[in-house]
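Listing of input_30.csv; format and content: CSV, C-alpha atoms.
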chain,number,residue,atom,x,y,z
A,23,MET,CA,-0.3,-7.5,-32.5
A,24,ALA,CA,-0.3,-10.3,-29.9
A,25,LEU,CA,-3.8,-11.4,-29.0
A,26,VAL,CA,-4.5,-12.6,-25.5
A,27,ALA,CA,-7.4,-15.1,-25.8
A,28,SER,CA,-8.5,-15.7,-22.3
A,29,ASP,CA,-7.9,-15.1,-18.6
A,30,THR,CA,-5.9,-18.3,-18.5
A,31,ASP,CA,-3.5,-17.0,-21.2
A,32,GLU,CA,-3.1,-13.8,-19.3
A,33,VAL,CA,-2.3,-15.6,-16.1
A,34,HIS,CA,0.3,-17.6,-18.0
A,35,LEU,CA,1.7,-14.3,-19.4
A,36,LEU,CA,1.9,-12.8,-16.0
A,37,GLY,CA,3.8,-15.8,-14.7
A,38,ARG,CA,6.3,-15.4,-17.5
A,39,ILE,CA,6.6,-11.7,-16.8
A,40,ALA,CA,7.2,-12.4,-13.1
A,41,ALA,CA,10.1,-14.6,-14.3
A,42,GLY,CA,11.5,-11.5,-16.1
A,43,ASP,CA,10.3,-12.5,-19.6
A,44,LYS,CA,10.3,-9.2,-21.6
A,45,LEU,CA,8.7,-10.7,-24.6
A,46,ALA,CA,5.7,-11.8,-22.5
A,47,PHE,CA,5.6,-8.3,-21.2
A,48,GLU,CA,5.5,-6.8,-24.7
A,49,ALA,CA,2.7,-9.2,-25.6
A,50,LEU,CA,0.6,-8.2,-22.6
A,51,TYR,CA,1.4,-4.5,-23.2
A,52,ARG,CA,0.1,-4.7,-26.8
A,53,ALA,CA,-3.0,-6.6,-25.7
A,54,TYR,CA,-3.8,-4.1,-23.0
A,55,PHE,CA,-2.7,-0.8,-24.4
A,56,PRO,CA,-5.8,-0.1,-26.5
A,57,ARG,CA,-8.2,-1.0,-23.7
A,58,LEU,CA,-6.2,0.9,-21.0
A,59,SER,CA,-5.7,4.0,-23.1
A,60,ARG,CA,-9.5,4.1,-24.0
A,61,PHE,CA,-10.4,3.7,-20.3
A,62,VAL,CA,-7.9,6.3,-19.1
A,63,GLY,CA,-8.8,8.5,-22.1
A,64,ARG,CA,-12.4,8.8,-20.7
A,65,MET,CA,-11.0,10.5,-17.6
A,66,ALA,CA,-7.8,12.2,-18.8
A,67,ARG,CA,-7.8,14.2,-21.9
A,68,SER,CA,-4.3,14.9,-23.2
A,69,ALA,CA,-2.5,12.2,-25.2
A,70,PRO,CA,0.8,12.6,-23.2
A,71,LEU,CA,-1.0,12.1,-19.9
A,72,ILE,CA,-2.9,9.1,-21.2
A,73,GLU,CA,0.3,7.5,-22.4
A,74,GLU,CA,2.1,8.3,-19.2
A,75,VAL,CA,-0.7,6.8,-17.0
A,76,VAL,CA,-0.8,3.6,-19.2
A,77,ASN,CA,3.0,3.3,-18.9
A,78,ASP,CA,2.9,3.9,-15.2
A,79,THR,CA,0.3,1.1,-14.9
A,80,MET,CA,2.2,-1.4,-17.0
A,81,LEU,CA,5.5,-0.6,-15.1
A,82,VAL,CA,3.7,-1.6,-11.9
A,83,VAL,CA,2.5,-4.8,-13.8
A,84,TRP,CA,6.1,-5.5,-14.6
A,85,GLN,CA,7.4,-4.9,-11.1
A,86,LYS,CA,4.6,-6.6,-9.2
A,87,ALA,CA,3.7,-9.5,-11.6
A,88,ALA,CA,4.8,-12.0,-8.9
A,89,SER,CA,2.3,-10.5,-6.4
A,90,PHE,CA,-0.6,-11.4,-8.7
A,91,ASP,CA,-2.2,-14.2,-6.7
A,92,GLY,CA,-5.1,-15.1,-9.0
A,93,SER,CA,-7.8,-14.0,-6.6
A,94,CYS,CA,-9.3,-11.9,-9.4
A,95,LYS,CA,-9.1,-11.8,-13.2
A,96,PRO,CA,-5.8,-10.3,-14.6
A,97,SER,CA,-7.9,-7.6,-16.3
A,98,THR,CA,-9.5,-6.6,-13.0
A,99,TRP,CA,-6.0,-6.4,-11.3
A,100,ILE,CA,-4.5,-4.4,-14.2
A,101,PHE,CA,-7.5,-2.0,-14.5
A,102,ALA,CA,-7.5,-1.4,-10.7
A,103,ILE,CA,-3.9,-0.3,-11.0
A,104,ALA,CA,-4.8,1.9,-14.0
A,105,TYR,CA,-7.7,3.5,-12.1
A,106,ARG,CA,-5.4,4.5,-9.2
A,107,LYS,CA,-2.7,5.7,-11.6
A,108,THR,CA,-5.3,7.8,-13.5
A,109,LEU,CA,-6.5,9.5,-10.3
A,110,LYS,CA,-2.9,10.1,-9.3
A,111,GLY,CA,-2.0,11.4,-12.7
A,112,LEU,CA,-5.0,13.8,-12.8
A,113,ARG,CA,-4.1,15.2,-9.4
A,114,ALA,CA,-0.5,15.7,-10.4
A,115,SER,CA,-1.5,17.4,-13.7
A,116,ASP,CA,-3.3,20.6,-14.6
A,117,GLU,CA,-6.3,18.7,-15.9
A,118,PRO,CA,-9.4,19.0,-13.7
A,119,VAL,CA,-10.5,15.7,-12.1
A,120,GLU,CA,-14.1,16.7,-12.7
A,121,SER,CA,-15.2,18.4,-15.9
A,122,ASP,CA,-16.6,21.9,-15.4
A,123,ALA,CA,-20.0,20.7,-16.6
A,124,ALA,CA,-20.1,18.0,-13.9
A,125,LEU,CA,-19.6,20.7,-11.3
A,126,TYR,CA,-22.6,22.7,-12.6
A,127,GLU,CA,-25.2,20.0,-13.0
A,128,ASP,CA,-28.2,22.3,-13.2
A,129,GLU,CA,-26.7,24.1,-16.1
A,130,ALA,CA,-26.4,21.0,-18.2
A,131,GLY,CA,-29.4,22.0,-20.3
A,132,ASN,CA,-28.1,25.5,-21.0
A,133,GLN,CA,-25.2,24.5,-23.3
A,134,PRO,CA,-25.0,26.1,-26.7
A,135,GLU,CA,-26.8,24.2,-29.4
A,136,GLN,CA,-23.9,24.0,-31.7
A,137,ALA,CA,-22.0,22.0,-29.1
A,138,PHE,CA,-24.1,19.0,-29.8
A,139,SER,CA,-26.0,19.6,-33.0
A,140,ARG,CA,-25.8,17.2,-35.9
A,141,GLN,CA,-23.3,15.0,-34.2
A,142,GLN,CA,-23.3,11.2,-34.4
A,143,LEU,CA,-25.1,9.5,-31.5
A,144,GLN,CA,-21.9,7.9,-30.3
A,145,HIS,CA,-20.2,11.3,-30.2
A,146,THR,CA,-23.1,12.7,-28.3
A,147,VAL,CA,-22.9,9.9,-25.8
A,148,ALA,CA,-19.2,10.5,-25.4
A,149,MET,CA,-19.8,14.2,-24.8
A,150,ALA,CA,-22.5,13.4,-22.3
A,151,LEU,CA,-20.2,10.9,-20.5
A,152,GLU,CA,-17.6,13.7,-20.1
A,153,ARG,CA,-20.2,15.6,-18.1
A,154,LEU,CA,-20.7,12.9,-15.5
A,155,PRO,CA,-18.7,13.1,-12.2
A,156,LEU,CA,-15.6,11.0,-12.5
A,157,ALA,CA,-16.7,8.2,-10.1
A,158,GLN,CA,-19.9,7.7,-12.1
A,159,ARG,CA,-18.1,8.0,-15.4
A,160,ALA,CA,-15.5,5.3,-14.5
A,161,VAL,CA,-18.3,2.8,-13.5
A,162,MET,CA,-20.2,3.6,-16.7
A,163,VAL,CA,-17.2,3.3,-19.0
A,164,LEU,CA,-16.2,0.0,-17.4
A,165,THR,CA,-19.7,-1.4,-17.9
A,166,TYR,CA,-20.5,-0.3,-21.4
A,167,TYR,CA,-17.1,0.0,-23.0
A,168,HIS,CA,-15.2,-2.8,-21.3
A,169,ASP,CA,-18.0,-5.3,-20.6
A,170,MET,CA,-17.2,-5.6,-16.9
A,171,ALA,CA,-19.4,-7.2,-14.4
A,172,TYR,CA,-20.3,-5.1,-11.4
A,173,GLY,CA,-18.3,-7.3,-9.1
A,174,ASP,CA,-15.1,-6.7,-11.1
A,175,ILE,CA,-15.9,-3.0,-11.2
A,176,ALA,CA,-16.2,-2.9,-7.4
A,177,ASP,CA,-12.7,-4.4,-7.2
A,178,ILE,CA,-11.3,-1.9,-9.7
A,179,VAL,CA,-12.7,1.3,-8.1
A,180,GLU,CA,-12.4,-0.2,-4.6
A,181,CYS,CA,-15.9,0.3,-3.4
A,182,PRO,CA,-18.8,-1.9,-2.2
A,183,LEU,CA,-21.0,-3.8,-4.8
A,184,ASN,CA,-24.1,-1.7,-3.9
A,185,THR,CA,-22.1,1.5,-4.4
A,186,VAL,CA,-21.3,0.4,-8.0
A,187,LYS,CA,-24.9,-0.4,-8.7
A,188,THR,CA,-26.1,2.9,-7.2
A,189,ARG,CA,-23.5,4.9,-9.1
A,190,MET,CA,-24.5,3.2,-12.3
A,191,PHE,CA,-28.2,3.9,-11.6
A,192,HIS,CA,-27.6,7.6,-11.1
A,193,ALA,CA,-25.1,7.8,-13.9
A,194,ARG,CA,-27.7,6.3,-16.4
A,195,HIS,CA,-30.4,8.8,-15.2
A,196,ARG,CA,-28.0,11.7,-15.6
A,197,LEU,CA,-26.9,10.5,-19.0
A,198,LYS,CA,-30.5,10.1,-20.2
A,199,ASP,CA,-31.3,13.6,-19.0
A,200,LEU,CA,-28.3,14.9,-20.8
A,201,LEU,CA,-29.2,13.1,-24.0
A,202,TRP,CA,-32.8,14.3,-23.8
A,203,ASN,CA,-31.6,17.9,-23.2
A,204,GLU,CA,-29.3,17.6,-26.2
A,205,ARG,CA,-32.1,16.2,-28.4
A,206,GLU,CA,-34.4,19.1,-27.4
A,207,SER,CA,-31.8,21.7,-27.9
A,208,SER,CA,-30.8,20.4,-31.4
A,209,ARG,CA,-34.4,20.6,-32.6
B,9,MET,CA,-39.6,14.9,-20.1
B,10,SER,CA,-42.8,13.9,-21.8
B,11,GLY,CA,-43.2,10.3,-22.8
B,12,ARG,CA,-41.7,9.0,-19.6
B,13,VAL,CA,-43.6,6.4,-17.5
B,14,PHE,CA,-43.8,7.3,-13.9
B,15,ARG,CA,-44.6,4.6,-11.4
B,16,ILE,CA,-44.3,4.0,-7.7
B,17,ASP,CA,-40.8,3.0,-6.8
B,18,ILE,CA,-41.0,-0.3,-5.1
B,19,PRO,CA,-37.8,-2.1,-3.8
B,20,ALA,CA,-38.1,-4.9,-6.4
B,21,HIS,CA,-38.4,-2.5,-9.2
B,22,GLN,CA,-35.5,-0.5,-7.9
B,23,ALA,CA,-33.3,-3.6,-7.5
B,24,VAL,CA,-34.0,-4.7,-11.1
B,25,GLN,CA,-33.4,-1.1,-12.4
B,26,GLU,CA,-29.9,-1.3,-10.8
B,27,LEU,CA,-29.2,-4.7,-12.4
B,28,LEU,CA,-30.4,-3.9,-15.9
B,29,PRO,CA,-27.0,-2.8,-17.4
B,30,TRP,CA,-25.4,-6.1,-16.5
B,31,TYR,CA,-28.6,-8.1,-17.4
B,32,ALA,CA,-28.3,-6.6,-20.9
B,33,SER,CA,-24.6,-7.7,-21.2
B,34,GLY,CA,-25.3,-11.2,-19.7
B,35,GLN,CA,-23.1,-10.7,-16.7
B,36,LEU,CA,-25.5,-11.6,-13.9
B,37,ALA,CA,-25.6,-14.6,-11.7
B,38,PRO,CA,-28.4,-17.1,-12.5
B,39,ASP,CA,-30.6,-16.1,-9.6
B,40,GLU,CA,-30.3,-12.4,-10.6
B,41,VAL,CA,-31.2,-13.3,-14.2
B,42,ARG,CA,-34.3,-15.1,-13.0
B,43,ARG,CA,-35.3,-12.2,-10.8
B,44,VAL,CA,-34.9,-9.6,-13.6
B,45,HIS,CA,-36.6,-11.9,-16.1
B,46,GLU,CA,-39.7,-12.3,-14.0
B,47,HIS,CA,-39.9,-8.6,-13.2
B,48,LEU,CA,-39.6,-7.6,-16.9
B,49,ARG,CA,-42.7,-9.6,-17.8
B,50,GLY,CA,-44.8,-7.2,-15.7
B,51,CYS,CA,-42.9,-3.9,-16.0
B,52,ALA,CA,-43.2,-1.9,-19.2
B,53,GLN,CA,-40.7,0.7,-18.0
B,54,CYS,CA,-38.0,-1.8,-17.3
B,55,ARG,CA,-38.5,-3.3,-20.7
B,56,GLU,CA,-38.2,0.1,-22.3
B,57,ASP,CA,-35.1,0.8,-20.2
B,58,LEU,CA,-33.6,-2.5,-21.3
B,59,GLU,CA,-33.9,-1.4,-24.9
B,60,TRP,CA,-31.9,1.7,-24.0
B,61,GLU,CA,-29.3,-0.5,-22.4
B,62,HIS,CA,-29.0,-2.6,-25.6
B,63,ASP,CA,-28.6,0.7,-27.6
B,64,MET,CA,-25.8,1.8,-25.2
B,65,TYR,CA,-23.9,-1.4,-25.7
B,66,ALA,CA,-24.3,-1.3,-29.4
B,67,ASP,CA,-23.2,2.3,-29.5
B,68,ALA,CA,-20.2,1.6,-27.4
B,69,ALA,CA,-19.1,-1.3,-29.6
B,70,LYS,CA,-19.5,0.8,-32.7
B,71,SER,CA,-17.5,3.7,-31.3
B,72,ILE,CA,-14.6,1.4,-30.3
B,73,ALA,CA,-14.5,-0.2,-33.8
B,74,GLU,CA,-14.7,3.1,-35.6
B,75,ALA,CA,-12.2,5.1,-33.5
B,76,ASP,CA,-9.2,3.0,-34.5
B,77,ALA,CA,-9.4,1.7,-30.9
B,78,LEU,CA,-7.1,4.4,-29.6
B,79,PRO,CA,-7.7,7.9,-28.3
B,80,GLU,CA,-6.6,10.7,-30.6
B,81,GLY,CA,-2.8,11.4,-30.5
B,82,VAL,CA,-2.0,8.3,-28.5
B,83,ASP,CA,0.8,6.1,-30.0
B,84,MET,CA,1.2,2.6,-28.7
B,85,GLU,CA,4.6,1.7,-30.2
B,86,ALA,CA,6.2,5.0,-29.2
B,87,SER,CA,4.9,4.6,-25.6
B,88,LEU,CA,6.2,1.0,-25.5
B,89,ALA,CA,9.6,2.2,-26.8
B,90,ARG,CA,9.8,4.7,-24.0
B,91,LEU,CA,8.8,2.2,-21.3
B,92,LEU,CA,11.0,-0.8,-22.2
B,93,PRO,CA,14.3,0.9,-21.1
B,94,MET,CA,12.7,1.7,-17.8
B,95,LEU,CA,11.9,-1.9,-16.9
B,96,GLY,CA,14.1,-2.3,-13.8
B,97,PRO,CA,14.3,-5.0,-11.2
B,98,GLN,CA,11.1,-6.9,-10.2
B,99,GLU,CA,9.7,-7.5,-6.8
B,100,ARG,CA,9.7,-11.1,-5.7
B,101,GLY,CA,7.0,-13.1,-3.8
B,102,ASP,CA,3.4,-12.4,-3.1
B,103,ALA,CA,3.7,-9.5,-0.7
B,104,LEU,CA,1.3,-6.6,-0.7
B,105,ALA,CA,-1.2,-5.0,-2.9
B,106,PRO,CA,0.3,-2.7,-5.6
B,107,SER,CA,-1.1,0.5,-4.2
B,108,THR,CA,0.4,0.0,-0.8
B,109,THR,CA,3.9,-1.2,-1.6
B,110,ALA,CA,4.5,1.5,-4.1
B,111,ARG,CA,4.1,4.3,-1.5
B,112,LEU,CA,5.7,2.7,1.6
B,113,PRO,CA,8.2,5.0,3.2
B,114,TRP,CA,11.7,3.5,3.9
B,115,TRP,CA,10.9,2.9,7.6
B,116,ARG,CA,7.8,1.0,6.8
B,117,THR,CA,9.7,-1.1,4.2
B,118,ALA,CA,12.4,-1.8,6.8
B,119,ALA,CA,9.7,-2.9,9.3
B,120,ALA,CA,8.2,-5.3,6.8
B,121,ASN,CA,9.3,-9.0,6.8
B,122,GLN,CA,11.7,-8.6,3.9
B,123,PRO,CA,14.0,-11.6,3.4
B,124,SER,CA,16.8,-9.3,2.3
B,125,TRP,CA,17.5,-8.1,5.8
B,126,LEU,CA,15.6,-10.7,7.8
B,127,ARG,CA,18.2,-13.4,7.3
B,128,TRP,CA,21.0,-11.1,8.6
B,129,ALA,CA,18.9,-10.2,11.6
B,130,VAL,CA,18.3,-13.9,12.4
B,131,ALA,CA,22.1,-14.5,12.1
B,132,ALA,CA,22.8,-11.6,14.4
B,133,GLN,CA,20.3,-13.0,16.9
B,134,TRP,CA,22.1,-16.4,17.0
B,135,VAL,CA,25.4,-14.7,17.6
B,136,LEU,CA,23.9,-12.9,20.5
B,137,ILE,CA,22.3,-16.1,21.9
B,138,VAL,CA,25.6,-18.0,21.7
B,139,GLY,CA,27.4,-15.1,23.4
B,140,LEU,CA,24.9,-15.0,26.2
B,141,VAL,CA,25.2,-18.8,26.7
B,142,GLY,CA,29.0,-18.4,26.9
B,143,LEU,CA,28.6,-15.7,29.6
B,144,LEU,CA,26.3,-18.1,31.6
B,145,VAL,CA,28.9,-20.9,31.4
B,146,ARG,CA,32.0,-18.8,32.4
B,147,PRO,CA,31.2,-17.8,36.0
B,148,ALA,CA,31.2,-21.5,37.0
B,149,GLU,CA,34.9,-21.7,35.9
B,150,GLU,CA,35.8,-18.7,38.0
B,151,ALA,CA,34.0,-19.8,41.2
B,152,ASP,CA,37.3,-20.0,43.2
B,153,ALA,CA,38.2,-16.4,42.5
B,154,TYR,CA,34.7,-15.3,43.7
B,155,HIS,CA,35.1,-17.4,46.8
B,156,VAL,CA,38.4,-15.7,47.7
B,157,LEU,CA,36.9,-12.3,47.4
B,158,GLY,CA,34.0,-13.3,49.7
B,159,SER,CA,35.8,-14.8,52.6
B,160,GLY,CA,39.6,-14.9,52.1
B,161,VAL,CA,40.3,-11.7,53.9
B,162,ALA,CA,43.9,-12.7,54.7
B,163,ALA,CA,44.8,-13.0,51.1
B,164,GLY,CA,43.8,-9.4,50.5
B,165,GLY,CA,45.6,-7.7,53.4
B,166,ASN,CA,49.3,-7.3,53.9
B,167,LEU,CA,49.4,-5.1,57.0
B,168,VAL,CA,47.7,-5.0,60.4
B,169,VAL,CA,47.2,-1.7,62.0
B,170,VAL,CA,45.8,-0.7,65.4
B,171,PHE,CA,45.0,2.9,66.0
B,172,GLN,CA,44.9,4.9,69.2
B,173,PRO,CA,41.4,4.7,70.8
B,174,ASN,CA,40.9,8.4,70.5
B,175,THR,CA,41.7,8.6,66.8
B,176,SER,CA,39.0,10.3,64.8
B,177,GLU,CA,37.6,8.8,61.6
B,178,ARG,CA,38.9,11.8,59.6
B,179,GLU,CA,42.4,11.3,60.9
B,180,LEU,CA,42.2,7.5,60.3
B,181,ARG,CA,41.1,8.1,56.8
B,182,HIS,CA,43.9,10.6,56.0
B,183,ILE,CA,46.6,8.2,57.4
B,184,LEU,CA,45.4,5.4,55.2
B,185,GLN,CA,44.9,7.6,52.1
B,186,ALA,CA,48.5,8.9,52.5
B,187,GLN,CA,49.8,5.4,52.2
B,188,ASN,CA,47.4,4.5,49.4
B,189,ALA,CA,46.0,1.8,51.7
B,190,ARG,CA,42.6,0.1,51.7
B,191,VAL,CA,40.8,-1.5,54.6
B,192,VAL,CA,40.3,-5.2,53.8
B,193,ASP,CA,38.8,-6.1,57.2
B,194,GLY,CA,38.3,-4.9,60.7
B,195,PRO,CA,38.0,-3.5,63.2
B,196,THR,CA,38.5,-6.8,64.9
B,197,VAL,CA,37.6,-7.4,68.6
B,198,THR,CA,41.1,-6.1,69.4
B,199,ASP,CA,40.5,-2.9,67.3
B,200,ALA,CA,42.9,-4.1,64.6
B,201,TYR,CA,42.4,-3.2,60.9
B,202,LEU,CA,43.6,-5.5,58.1
B,203,ILE,CA,44.8,-3.2,55.3
B,204,ASN,CA,46.3,-3.6,51.9
B,205,VAL,CA,49.0,-1.4,50.5
B,206,PRO,CA,50.8,-1.8,47.2
B,207,ALA,CA,53.3,-4.6,47.7
B,208,ALA,CA,56.2,-2.5,46.4
B,209,ASN,CA,55.7,0.2,49.0
B,210,ARG,CA,54.9,-2.0,51.9
B,211,GLU,CA,58.0,-1.4,53.9
B,212,GLN,CA,57.8,2.3,53.3
B,213,ALA,CA,54.2,2.4,54.3
B,214,LEU,CA,55.0,0.3,57.4
B,215,ARG,CA,57.6,2.9,58.4
B,216,ALA,CA,55.3,5.8,57.8
B,217,LEU,CA,52.5,4.2,59.7
B,218,ARG,CA,54.7,3.5,62.7
B,219,ALA,CA,55.8,7.1,62.7
B,220,GLU,CA,52.2,8.3,63.0
B,221,ALA,CA,51.3,9.2,66.6
B,222,ALA,CA,47.8,7.9,66.1
B,223,VAL,CA,49.0,4.5,65.1
B,224,LYS,CA,49.4,2.2,68.1
B,225,LEU,CA,50.7,-0.7,66.2
B,226,ALA,CA,51.6,-1.5,62.6
B,227,GLU,CA,52.8,-5.0,61.6
B,228,PRO,CA,53.5,-6.6,58.3
B,229,LEU,CA,51.4,-9.6,57.4
B,230,ASP,CA,52.6,-12.3,55.0
B,231,ALA,CA,50.3,-13.4,52.3
B,232,GLY,CA,48.4,-16.5,53.5
B,233,GLY,CA,49.1,-15.8,57.1
B,234,THR,CA,46.6,-15.1,59.8
B,235,PRO,CA,46.4,-11.7,61.6

structure tokens encoding of this file:
Amino acid sequence: MALVASDTDEVHLLGRIAAGDKLAFEALYRAYFPRLSRFVGRMARSAPLIEEVVNDTMLVVWQKAASFDGSCKPSTWIFAIAYRKTLKGLRASDEPVESDAALYEDEAGNQPEQAFSRQQLQHTVAMALERLPLAQRAVMVLTYYHDMAYGDIADIVECPLNTVKTRMFHARHRLKDLLWNERESSR
Amino acid sequence: MSGRVFRIDIPAHQAVQELLPWYASGQLAPDEVRRVHEHLRGCAQCREDLEWEHDMYADAAKSIAEADALPEGVDMEASLARLLPMLGPQERGDALAPSTTARLPWWRTAAANQPSWLRWAVAAQWVLIVGLVGLLVRPAEEADAYHVLGSGVAAGGNLVVVFQPNTSERELRHILQAQNARVVDGPTVTDAYLINVPAANREQALRALRAEAAVKLAEPLDAGGTP
């Protein structure tokens, strides 16, 4: 698997892609596929939809590589495309944009115990993440699972800096509540 | 919710609370780091929350490492194999953001400054400009013809007709229309009309006019002559 060491390398790859270099495209695809599929997979559930959204994203990268102007990191540019493609893919599919649990926040503590009991912490966090509204979930996933700064996240989800911070603040409180409820119910 | 520390929510505390996730990952600007650092020294709750942030990052890193880095059922090589044949033509230049170009309707695309059609439009503009300049130059060459139409009445008429004084306009009109004649000038001070009839029928027209009771006088007029 081709490893992309830095933003500079990725900018160089994008330059080659803009010139029609398919080998460069394959290198970037392999470098980004795991990250993009994990990001999209936090919002879309089915494997075919995840693969479709990632491919739609990378097709845009191929088509528009020449329009990348270096005003942001390549990863920010590519993740922004992926976020838009995910929202579009969810709207076009049968999958709910928001999880049912996110729509019934007050009932979060009333889930059956077996749903969470004796799971690994990371699985518990993953489950809890799924119960967050999509906008909060995206910000949280980009922060914890993709080590993104809030400025980059604001570019990706196309909202003001303060909105990112506020969403993250509320998402952490909700996640803590969900985890606390889970601990209590598994006792 | 036992064990939680409740405190008055002051703006500085709130601001630091919002920055904690990125403080934990070392992604803040130096002045933000300094602000958070100073606040942490005096705030037990924020120190506790910072521990939670570190746990979240550690948990995320572990889950990525243990989950084979891909969601269940997702196949990178199969996805790439599907995508490669679909790589069509690329867009050139630095135009618009990806989200906007992808959804532009055809009329918006046509309205954009796209080089593909713009150079043809510019070429067409030049053809039009050259044509208009040609039209501006031409009338000067035909100045003589315009002059003749404006003042050379003799050149246009080939008969002189004088009607009886009591001839009505309607009668006069019918007589002229019957000979396919057009009034070029007149009436003059002597009530004469200078008319033009087709050259081939001039003699016939002259005879017909002279036969009309309403016509007092009808005489041929040679081109270039004076009435």

A:Met80, A:Val62, A:Cys181, A:Val147 ranked by distance to Arg205 (chain A), top pick (using all atoms listed in the file)
A:Val147

Quick one: everything within 7 Å of Gln158 (chain A), counting all atoms listed in the file, minus sequence neighbours fewer than 5 positions away in the same chain. Send it as a PyMOL selection string.
chain A and resi 189-190+193

Can you write out the residues you just picked, keeping C-alpha atoms, as a PDB file, keeping the file's coordinate frame?
ATOM      1  CA  ARG A 189     -23.500   4.900  -9.100  1.00  0.00           C
ATOM      2  CA  MET A 190     -24.500   3.200 -12.300  1.00  0.00           C
ATOM      3  CA  ALA A 193     -25.100   7.800 -13.900  1.00  0.00           C
TER       4      ALA A 193
END

Quick check: residues of chain B within 8 Å of chain A, all atoms listed in the file, returned as a PDB file with C-alpha atoms, in the coordinates of the input.
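See iface_17.pdb below for the written result:
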ATOM      1  CA  MET B   9     -39.600  14.900 -20.100  1.00  0.00           C
ATOM      2  CA  GLN B  25     -33.400  -1.100 -12.400  1.00  0.00           C
ATOM      3  CA  GLU B  26     -29.900  -1.300 -10.800  1.00  0.00           C
ATOM      4  CA  LEU B  27     -29.200  -4.700 -12.400  1.00  0.00           C
ATOM      5  CA  PRO B  29     -27.000  -2.800 -17.400  1.00  0.00           C
ATOM      6  CA  TRP B  30     -25.400  -6.100 -16.500  1.00  0.00           C
ATOM      7  CA  SER B  33     -24.600  -7.700 -21.200  1.00  0.00           C
ATOM      8  CA  GLN B  35     -23.100 -10.700 -16.700  1.00  0.00           C
ATOM      9  CA  LEU B  36     -25.500 -11.600 -13.900  1.00  0.00           C
ATOM     10  CA  MET B  64     -25.800   1.800 -25.200  1.00  0.00           C
ATOM     11  CA  TYR B  65     -23.900  -1.400 -25.700  1.00  0.00           C
ATOM     12  CA  ASP B  67     -23.200   2.300 -29.500  1.00  0.00           C
ATOM     13  CA  ALA B  68     -20.200   1.600 -27.400  1.00  0.00           C
ATOM     14  CA  ALA B  69     -19.100  -1.300 -29.600  1.00  0.00           C
ATOM     15  CA  LYS B  70     -19.500   0.800 -32.700  1.00  0.00           C
ATOM     16  CA  SER B  71     -17.500   3.700 -31.300  1.00  0.00           C
ATOM     17  CA  ILE B  72     -14.600   1.400 -30.300  1.00  0.00           C
ATOM     18  CA  ALA B  77      -9.400   1.700 -30.900  1.00  0.00           C
ATOM     19  CA  LEU B  78      -7.100   4.400 -29.600  1.00  0.00           C
ATOM     20  CA  PRO B  79      -7.700   7.900 -28.300  1.00  0.00           C
ATOM     21  CA  GLU B  80      -6.600  10.700 -30.600  1.00  0.00           C
ATOM     22  CA  GLY B  81      -2.800  11.400 -30.500  1.00  0.00           C
ATOM     23  CA  VAL B  82      -2.000   8.300 -28.500  1.00  0.00           C
ATOM     24  CA  ASP B  83       0.800   6.100 -30.000  1.00  0.00           C
ATOM     25  CA  MET B  84       1.200   2.600 -28.700  1.00  0.00           C
ATOM     26  CA  SER B  87       4.900   4.600 -25.600  1.00  0.00           C
ATOM     27  CA  LEU B  88       6.200   1.000 -25.500  1.00  0.00           C
ATOM     28  CA  LEU B  91       8.800   2.200 -21.300  1.00  0.00           C
ATOM     29  CA  LEU B  95      11.900  -1.900 -16.900  1.00  0.00           C
ATOM     30  CA  GLY B  96      14.100  -2.300 -13.800  1.00  0.00           C
ATOM     31  CA  PRO B  97      14.300  -5.000 -11.200  1.00  0.00           C
ATOM     32  CA  GLN B  98      11.100  -6.900 -10.200  1.00  0.00           C
ATOM     33  CA  GLU B  99       9.700  -7.500  -6.800  1.00  0.00           C
ATOM     34  CA  ARG B 100       9.700 -11.100  -5.700  1.00  0.00           C
ATOM     35  CA  GLY B 101       7.000 -13.100  -3.800  1.00  0.00           C
ATOM     36  CA  ASP B 102       3.400 -12.400  -3.100  1.00  0.00           C
ATOM     37  CA  ALA B 103       3.700  -9.500  -0.700  1.00  0.00           C
ATOM     38  CA  LEU B 104       1.300  -6.600  -0.700  1.00  0.00           C
ATOM     39  CA  ALA B 105      -1.200  -5.000  -2.900  1.00  0.00           C
ATOM     40  CA  PRO B 106       0.300  -2.700  -5.600  1.00  0.00           C
ATOM     41  CA  SER B 107      -1.100   0.500  -4.200  1.00  0.00           C
TER      42      SER B 107
END

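Among the candidate residues A:Gly92, A:Thr146, A:Ala160, A:Leu154, the one lying nearest to Ala104 (chain A) is A:Ala160, with distances computed using only C-alpha atoms.
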
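If you measure from each of A:Leu197, A:Gly37, A:Ala66, A:Lys95 to Ser115 (chain A) using all atoms listed in the file, the closest one turns out to be A:Ala66.
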
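CA of Val179 (chain A) is positioned 29.2 Å from CA of Asp43 (chain A).
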
Region 182-186 of chain B: which residues within 12 Å, counting all atoms listed in the file, same-chain residues fewer than 5 positions away excluded, as a PyMOL selection string?
chain B and resi 167-171+175-177+191-192+201-205+209+212-214+216-223+226

Using all atoms listed in the file, which residues sit within 10 Å of region 38-42 of chain B once same-chain residues fewer than 6 positions away are excluded, as a PyMOL selection string?
chain B and resi 23-24+27-28+30-32+48

Could you write out the selected residues, including C-alpha atoms, as a short mmCIF file (atom, residue, chain, number, x, y, z; two decimals), in the coordinates of the input?
data_model
loop_
_atom_site.label_atom_id
_atom_site.label_comp_id
_atom_site.auth_asym_id
_atom_site.auth_seq_id
_atom_site.Cartn_x
_atom_site.Cartn_y
_atom_site.Cartn_z
CA ALA B 23 -33.30 -3.60 -7.50
CA VAL B 24 -34.00 -4.70 -11.10
CA LEU B 27 -29.20 -4.70 -12.40
CA LEU B 28 -30.40 -3.90 -15.90
CA TRP B 30 -25.40 -6.10 -16.50
CA TYR B 31 -28.60 -8.10 -17.40
CA ALA B 32 -28.30 -6.60 -20.90
CA LEU B 48 -39.60 -7.60 -16.90
#
